[in-house]
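Chemist: Before I ask anything, let me first share the structure, which is written out below as structure tokens.
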Amino acid sequence: MRLGRDAGGRRQPGNSESRGNSGDSRDSGASPSPAGRTGRARPQVAVVGAGIGGLTLAGALAANGTPYVIHEQTRELSEVGAGVQLSPNAIRPLLRLGLGPALEEHAVRIEAMEVRGWNGRPIARTPLGAECERMFAAPYLTIHRAHLHDALLSLIDRDRLGLGQRLRAAREHPDASGVRLTFDDGTVREADLVVGADGIHSTVRETLRRDEPVYSGLGIYRGLVPAEVLPAESRERLVRLWLGPGGHFVCYPVASGAYLSYAATVPLPSDAPPRESWSRPGDPEELRAVFGGWTGLVADIVAAVESTHQWALHDRPPLRTWSTDRITLLGDAAHPMLPFMAQGANQAIEDAMDLAGCLADAPFEAIPERLARYESLRVPRTAEVQRGSRANAGILHLPDGPAQRRRDAHMAVHAALHDRTALYAHETGRSVVPAPA
Ligand SMILES: Cc1cc2nc3c(=O)[nH]c(=O)nc-3n(C[C@H](O)[C@H](O)[C@H](O)COP(=O)(O)OP(=O)(O)OC[C@H]3O[C@@H](n4cnc5c(N)ncnc54)[C@H](O)[C@@H]3O)c2cc1C
């Protein structure tokens with residue numbers, strides 16, 4: 001299967017309505033003026049955050065002709081040097097948006113997922129490759145986050161992306177006529193509808209709920225090692241997991257196999273959990289102290305690490321609702337999860353596609369009902385993945401012994417690809433760009 005444009009291609013980035021530039025929405029400091037009153041045919045979606053979720057949403061809105069603007073806090077878009085796993089539930093919609101060629105160029109098609117013990121004993125193997133494509137009409141891919149980000153950026157009209165626009169507050173007008181956005185530089189803008197795609201520390205979420213991220217007690221080291229300094233087996237198209245007492249280690253190839261992306265999870269001291277920051281430098285010696293004695297490739301990788309990033313892992317409990325009449329959330333802002341099902345980005349992509357589908361052709365008055373529809377599609381699904389990711393945190397670091405042996409036996413029995421059907425076969429956003437007949 002080539003990763004072509006499988007569904008009639010995509011429209012040109014952007015859409016027919018031209019609305020200023022640099023993410024400039026309307027009305028600086030003006031009174032509420034919803035779409036109906038200003039006579040615009042379609043309400044404009046203000047997306048806060050240009051991460052994987054926000055950009056996918058903007059790309060999907062562009063594809064179905066819905067006006068949008070993106071407000072991103074960073075002045076320069078950059079992604080942490082690490083990989084991300086993309087499963088068929090997210091690949092299918094990305095292909096429909098026209099990202100096949102970009103994925104073909106940079107991503108790696110994974111043949112299988114292998115789980116082993118810290119000493120190398122085999123635990124489970126899930127075949128992916130052709131079987132995955134046959135069962136789920138899409139491959140399982142790994143990709144450098146920067147490559148995915150660049151691919152998503154190609155879907156949007158850059159004039160609609162405002163950089164250096166850090167949202168401070170979002171306030172919905174009591175008569176539901178719109179939302180007032182206030183930015184750190186004092187700018188005030190009015191929006192018809194606001195989507196908080198602003199990550200785990202979402203400012204938009206703060207306007208809806210008073211809750212805090214929950215510290216998992218775990219920290220993660222992440223980074224890249226050039227494949228050329230590693231043994232040839234590092235180039236095999238595998239996602240590999242090694243489980244051991246007090247830690248687990250994941251790696252897979254990215255950048256067409258030029259690098260190996262690794263993520264090593266360990267318990268952190270509970271007294272003063274650091275705020276999670278994806279760019280916090282970590283100490284490679286700490287990594288070597290935990291994993292240096294593990295089997296073959298793990299020891300080779302940590303020996304080759306020159307610099308690493310380290311941060312504390314947080315999530316939040318699932319919400320029953322995350323919208324008002326004119327404000328909603330997606331991705332980590334709505335349902336931050338621990339990375340132990342490798343689904344955070346995949347679920348953000350699913351959210352974006354479903355939300356864009358719900359907003360297609362929505363007149364201003366219909367937005368509350370469309371947001372309710374979006375929630376009904378997404379809340380149960382993402383809550384289940386959040387809970388599953390949390391449950392995995394409890395079983396990945398068992399000491400060798402009876403509980404570990406029971407876990408290994410369970411994993412071996414449930415390694416078949418059809419055990420992933422609920423996750424991988426889920427369809428989102430078909431109405432954004434229809435699937436081929
Ligand atoms: C170690 C680790 C490994 C992972 N591996 C995988 C994996 O293999 N597969 C997978 O699917 N997921 C994985 N994830 C999860 C995934 O990376 C996240 O779920 C995903 O990036 C969330 O995307 P997002 O767009 O919701 O948020 P983010 O990517 O966090 O983007 C939020 C954006 O909003 C901007 N922003 C924040 N606040 C403001 C503000 N006030 N004003 C304006 N802009 C703002 C930020 O600058 C950022 O650009 C992993 C996560 C971790 C921690």
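A note on labels: chains of the structure tokens are A, B, ... as shown, every chain counts residues from 1, and ligands are counted from 1 in their shown order.
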Tell me, counting only C-alpha atoms, for each residue of region 234-331 of chain A within 8 Å of region 196-206 of chain A, which pair of atoms is nearest and how far apart they are in Å to one decimal, in rows ordered by chain and increasing number, as CSV.
Modeler:
```
residue,atom,partner,partner_atom,distance
A:Asp315,CA,A:Ile200,CA,7.7
A:Trp322,CA,A:Arg205,CA,7.9
A:Ile327,CA,A:Gly196,CA,7.6
A:Thr328,CA,A:Gly196,CA,6.2
A:Leu329,CA,A:Gly196,CA,4.5
A:Leu330,CA,A:Ala197,CA,5.3
A:Gly331,CA,A:Ala197,CA,6.2
```
Chemist: Please produce a file of those selected residues containing N, CA and C atoms, as a compact mmCIF listing (two decimals), in the first residue's frame.
Modeler:
```txt
# COMPACT_ATOMS: atom_id res chain seq x y z
N ASP A 315 -1.13 13.14 34.27
CA ASP A 315 -2.36 13.08 33.48
C ASP A 315 -3.44 13.79 34.28
N TRP A 322 -16.56 18.76 28.50
CA TRP A 322 -15.46 19.72 28.39
C TRP A 322 -15.81 20.89 27.45
N ILE A 327 -17.15 27.28 23.78
CA ILE A 327 -15.76 26.90 24.07
C ILE A 327 -15.69 25.38 24.16
N THR A 328 -14.66 24.81 23.55
CA THR A 328 -14.45 23.38 23.74
C THR A 328 -12.94 23.10 23.80
N LEU A 329 -12.61 21.85 24.05
CA LEU A 329 -11.21 21.44 24.20
C LEU A 329 -10.92 20.27 23.27
N LEU A 330 -9.64 20.08 22.97
CA LEU A 330 -9.24 18.83 22.31
C LEU A 330 -7.84 18.44 22.72
N GLY A 331 -7.49 17.19 22.45
CA GLY A 331 -6.14 16.69 22.74
C GLY A 331 -5.84 16.72 24.23
```
Chemist: Taking only C-alpha atoms and all ligand atoms into account, which residues have an atom no farther than 7 Å from ligand 1? I'd like them as JSON, numbers by chain.
Modeler: {"A": [48, 49, 50, 51, 52, 53, 54, 71, 72, 73, 74, 83, 84, 85, 86, 165, 166, 167, 168, 197, 198, 199, 200, 201, 202, 203, 220, 222, 263, 313, 330, 331, 332, 333, 336, 337, 338, 339, 342, 343, 344, 345, 346, 347, 348]}
Chemist: Write out as a list in words the residues lying within 6 Å of Tyr68 (chain A), counting only C-alpha atoms and excluding same-chain residues fewer than 4 positions away.
Modeler: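 Listed by chain and then number, they are Gln44, Val45 and Ala46 of chain A.
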Chemist: Please run DSSP on the backbone and report, as an MDAnalysis selection string, all residues within region 35-181 of chain A that come out as helix (DSSP H, G or I).
Modeler: chainID A and resid 35:38 52:63 88:96 100:106 129:136 145:153 158:160
Chemist: Can those selected residues be exported to a file as a short mmCIF file (atom, residue, chain, number, x, y, z; two decimals), in the first residue's frame so that it contains C-alpha atoms?
Modeler:
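result_29.cif was written with the following content:
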```
data_model
loop_
_atom_site.label_atom_id
_atom_site.label_comp_id
_atom_site.auth_asym_id
_atom_site.auth_seq_id
_atom_site.Cartn_x
_atom_site.Cartn_y
_atom_site.Cartn_z
CA ALA A 35 -20.88 36.10 12.97
CA GLY A 36 -24.57 36.65 12.48
CA ARG A 37 -24.30 40.31 13.45
CA THR A 38 -21.28 41.05 11.33
CA ILE A 52 -0.41 18.13 16.83
CA GLY A 53 -4.08 18.50 17.80
CA GLY A 54 -4.50 22.18 16.93
CA LEU A 55 -2.77 21.83 13.57
CA THR A 56 -4.77 18.74 12.63
CA LEU A 57 -7.95 20.61 13.48
CA ALA A 58 -6.90 23.60 11.39
CA GLY A 59 -5.98 21.29 8.50
CA ALA A 60 -9.34 19.53 8.70
CA LEU A 61 -11.21 22.85 8.92
CA ALA A 62 -9.30 24.06 5.86
CA ALA A 63 -10.30 20.86 4.06
CA PRO A 88 -4.11 3.21 11.95
CA ASN A 89 -6.96 5.07 13.73
CA ALA A 90 -4.98 8.30 13.20
CA ILE A 91 -3.20 7.37 9.96
CA ARG A 92 -6.43 6.86 8.01
CA PRO A 93 -7.66 10.44 8.60
CA LEU A 94 -4.17 11.86 7.98
CA LEU A 95 -4.15 10.09 4.61
CA ARG A 96 -7.57 11.52 3.82
CA GLY A 100 0.40 10.35 2.42
CA PRO A 101 3.46 11.69 0.54
CA ALA A 102 4.88 13.43 3.63
CA LEU A 103 4.42 10.33 5.75
CA GLU A 104 5.90 8.18 3.00
CA GLU A 105 8.97 10.41 2.93
CA HIS A 106 9.75 10.55 6.67
CA GLY A 129 3.25 -4.57 8.78
CA ALA A 130 1.10 -6.03 5.99
CA GLU A 131 -1.31 -7.66 8.44
CA CYS A 132 -2.06 -4.27 9.99
CA GLU A 133 -2.65 -2.73 6.57
CA ARG A 134 -4.93 -5.59 5.61
CA MET A 135 -6.98 -5.45 8.81
CA PHE A 136 -7.10 -1.69 9.38
CA ARG A 145 7.62 14.80 15.94
CA ALA A 146 9.14 17.63 13.89
CA HIS A 147 8.37 15.79 10.65
CA LEU A 148 4.76 15.24 11.70
CA HIS A 149 4.49 18.87 12.73
CA ASP A 150 5.88 20.07 9.39
CA ALA A 151 3.49 17.80 7.51
CA LEU A 152 0.53 19.23 9.44
CA LEU A 153 1.74 22.78 8.85
CA ARG A 158 0.28 30.28 7.39
CA ASP A 159 -1.39 33.69 7.35
CA ARG A 160 -3.94 32.24 9.75
#
```
Chemist: Determine which residues of region 74-301 of chain A DSSP labels as strand (DSSP E or B) from the backbone of this structure, then write them out as a PyMOL selection string.
Modeler: chain A and resi 83-86+108-109+112-117+122-127+141-144+161-162+167-172+179-183+188-191+193-196+214-226+238-244+247-254+259-267+281-282
Chemist: Could you take the residues named above and write them with C-alpha atoms, as a PDB file, in the first residue's frame?
Modeler:
```pdb
ATOM      1  CA  GLY A  83       9.483  10.275  18.010  1.00  0.00           C
ATOM      2  CA  VAL A  84       5.816   9.504  18.091  1.00  0.00           C
ATOM      3  CA  GLN A  85       3.963   6.316  17.194  1.00  0.00           C
ATOM      4  CA  LEU A  86       0.980   6.697  14.866  1.00  0.00           C
ATOM      5  CA  VAL A 108       8.938   4.264   9.224  1.00  0.00           C
ATOM      6  CA  ARG A 109       6.473   1.418   8.605  1.00  0.00           C
ATOM      7  CA  ALA A 112       5.951  -5.650  14.637  1.00  0.00           C
ATOM      8  CA  MET A 113       5.866  -4.624  18.271  1.00  0.00           C
ATOM      9  CA  GLU A 114       8.059  -6.755  20.524  1.00  0.00           C
ATOM     10  CA  VAL A 115       7.938  -6.916  24.302  1.00  0.00           C
ATOM     11  CA  ARG A 116      10.788  -8.442  26.287  1.00  0.00           C
ATOM     12  CA  GLY A 117      11.981  -8.637  29.849  1.00  0.00           C
ATOM     13  CA  PRO A 122      10.677 -12.719  24.978  1.00  0.00           C
ATOM     14  CA  ILE A 123       7.236 -11.797  26.356  1.00  0.00           C
ATOM     15  CA  ALA A 124       4.969 -10.916  23.421  1.00  0.00           C
ATOM     16  CA  ARG A 125       5.049 -10.029  19.747  1.00  0.00           C
ATOM     17  CA  THR A 126       2.281  -8.204  17.863  1.00  0.00           C
ATOM     18  CA  PRO A 127       2.598  -8.430  14.083  1.00  0.00           C
ATOM     19  CA  LEU A 141       4.097   4.268  11.594  1.00  0.00           C
ATOM     20  CA  THR A 142       6.754   5.913  13.705  1.00  0.00           C
ATOM     21  CA  ILE A 143       7.848   9.459  12.911  1.00  0.00           C
ATOM     22  CA  HIS A 144       9.953  12.268  14.335  1.00  0.00           C
ATOM     23  CA  LEU A 161      -1.301  31.167  12.275  1.00  0.00           C
ATOM     24  CA  GLY A 162      -0.448  33.842  14.841  1.00  0.00           C
ATOM     25  CA  LEU A 167      -3.618  33.323  25.671  1.00  0.00           C
ATOM     26  CA  ARG A 168      -4.140  34.579  29.211  1.00  0.00           C
ATOM     27  CA  ALA A 169      -7.912  34.165  29.529  1.00  0.00           C
ATOM     28  CA  ALA A 170     -10.996  33.158  27.574  1.00  0.00           C
ATOM     29  CA  ARG A 171     -14.362  34.466  28.739  1.00  0.00           C
ATOM     30  CA  GLU A 172     -17.636  33.495  27.170  1.00  0.00           C
ATOM     31  CA  VAL A 179     -15.912  34.593  23.516  1.00  0.00           C
ATOM     32  CA  ARG A 180     -13.466  37.293  24.545  1.00  0.00           C
ATOM     33  CA  LEU A 181      -9.817  36.244  24.332  1.00  0.00           C
ATOM     34  CA  THR A 182      -7.181  38.175  26.243  1.00  0.00           C
ATOM     35  CA  PHE A 183      -3.524  37.657  25.393  1.00  0.00           C
ATOM     36  CA  VAL A 188      -8.156  41.455  23.217  1.00  0.00           C
ATOM     37  CA  ARG A 189      -9.960  39.583  20.444  1.00  0.00           C
ATOM     38  CA  GLU A 190     -13.498  38.393  19.970  1.00  0.00           C
ATOM     39  CA  ALA A 191     -14.192  34.883  18.733  1.00  0.00           C
ATOM     40  CA  LEU A 193     -16.023  29.755  18.950  1.00  0.00           C
ATOM     41  CA  VAL A 194     -12.828  28.816  20.801  1.00  0.00           C
ATOM     42  CA  VAL A 195     -11.073  25.461  20.772  1.00  0.00           C
ATOM     43  CA  GLY A 196      -8.489  24.936  23.495  1.00  0.00           C
ATOM     44  CA  VAL A 214      -2.062  14.561  38.557  1.00  0.00           C
ATOM     45  CA  TYR A 215       1.540  13.507  39.083  1.00  0.00           C
ATOM     46  CA  SER A 216       2.087   9.828  38.282  1.00  0.00           C
ATOM     47  CA  GLY A 217       5.253   9.431  40.337  1.00  0.00           C
ATOM     48  CA  LEU A 218       7.037   8.539  37.104  1.00  0.00           C
ATOM     49  CA  GLY A 219       9.622  10.372  35.064  1.00  0.00           C
ATOM     50  CA  ILE A 220      10.681   9.824  31.494  1.00  0.00           C
ATOM     51  CA  TYR A 221      13.932  10.309  29.593  1.00  0.00           C
ATOM     52  CA  ARG A 222      13.551  10.850  25.879  1.00  0.00           C
ATOM     53  CA  GLY A 223      15.815  11.497  22.960  1.00  0.00           C
ATOM     54  CA  LEU A 224      17.393  10.277  19.737  1.00  0.00           C
ATOM     55  CA  VAL A 225      20.511   8.270  18.979  1.00  0.00           C
ATOM     56  CA  PRO A 226      21.938   8.097  15.426  1.00  0.00           C
ATOM     57  CA  LEU A 238      10.240  -2.699  15.235  1.00  0.00           C
ATOM     58  CA  VAL A 239       8.741  -0.935  18.201  1.00  0.00           C
ATOM     59  CA  ARG A 240      10.600  -2.552  21.090  1.00  0.00           C
ATOM     60  CA  LEU A 241       9.646  -2.503  24.759  1.00  0.00           C
ATOM     61  CA  TRP A 242      11.707  -3.965  27.592  1.00  0.00           C
ATOM     62  CA  LEU A 243      10.052  -4.282  30.997  1.00  0.00           C
ATOM     63  CA  GLY A 244      11.984  -4.531  34.230  1.00  0.00           C
ATOM     64  CA  GLY A 247      11.498   0.878  34.826  1.00  0.00           C
ATOM     65  CA  HIS A 248      10.724   0.222  31.202  1.00  0.00           C
ATOM     66  CA  PHE A 249      12.414   1.188  27.959  1.00  0.00           C
ATOM     67  CA  VAL A 250      10.860   1.782  24.527  1.00  0.00           C
ATOM     68  CA  CYS A 251      12.605   2.440  21.229  1.00  0.00           C
ATOM     69  CA  TYR A 252      11.808   2.611  17.542  1.00  0.00           C
ATOM     70  CA  PRO A 253      13.360   4.030  14.365  1.00  0.00           C
ATOM     71  CA  VAL A 254      12.375   7.488  13.028  1.00  0.00           C
ATOM     72  CA  TYR A 259      17.720   7.738  14.226  1.00  0.00           C
ATOM     73  CA  LEU A 260      16.434   5.578  17.016  1.00  0.00           C
ATOM     74  CA  SER A 261      13.963   7.354  19.299  1.00  0.00           C
ATOM     75  CA  TYR A 262      13.992   6.089  22.891  1.00  0.00           C
ATOM     76  CA  ALA A 263      11.825   6.703  25.944  1.00  0.00           C
ATOM     77  CA  ALA A 264      12.902   5.349  29.319  1.00  0.00           C
ATOM     78  CA  THR A 265      10.433   5.514  32.213  1.00  0.00           C
ATOM     79  CA  VAL A 266      11.446   5.309  35.875  1.00  0.00           C
ATOM     80  CA  PRO A 267       9.893   6.217  39.239  1.00  0.00           C
ATOM     81  CA  PRO A 281      17.660  18.567  30.076  1.00  0.00           C
ATOM     82  CA  GLY A 282      18.270  15.238  31.811  1.00  0.00           C
TER      83      GLY A 282
END
```
Chemist: Kindly give the distance, in Å, that separates CA of Ala137 (chain A) and CA of Ala352 (chain A), rounded to a single decimal.
Modeler: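 According to the coordinates, CA of Ala137 (chain A) and CA of Ala352 (chain A) are separated by 20.1 Å.
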Chemist: Provide the CA of Asp175 (chain A) to CA of Pro363 (chain A) distance in Å, to one decimal place.
Modeler: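 If I compute the distance from CA of Asp175 (chain A) to CA of Pro363 (chain A), I get 16.8 Å.
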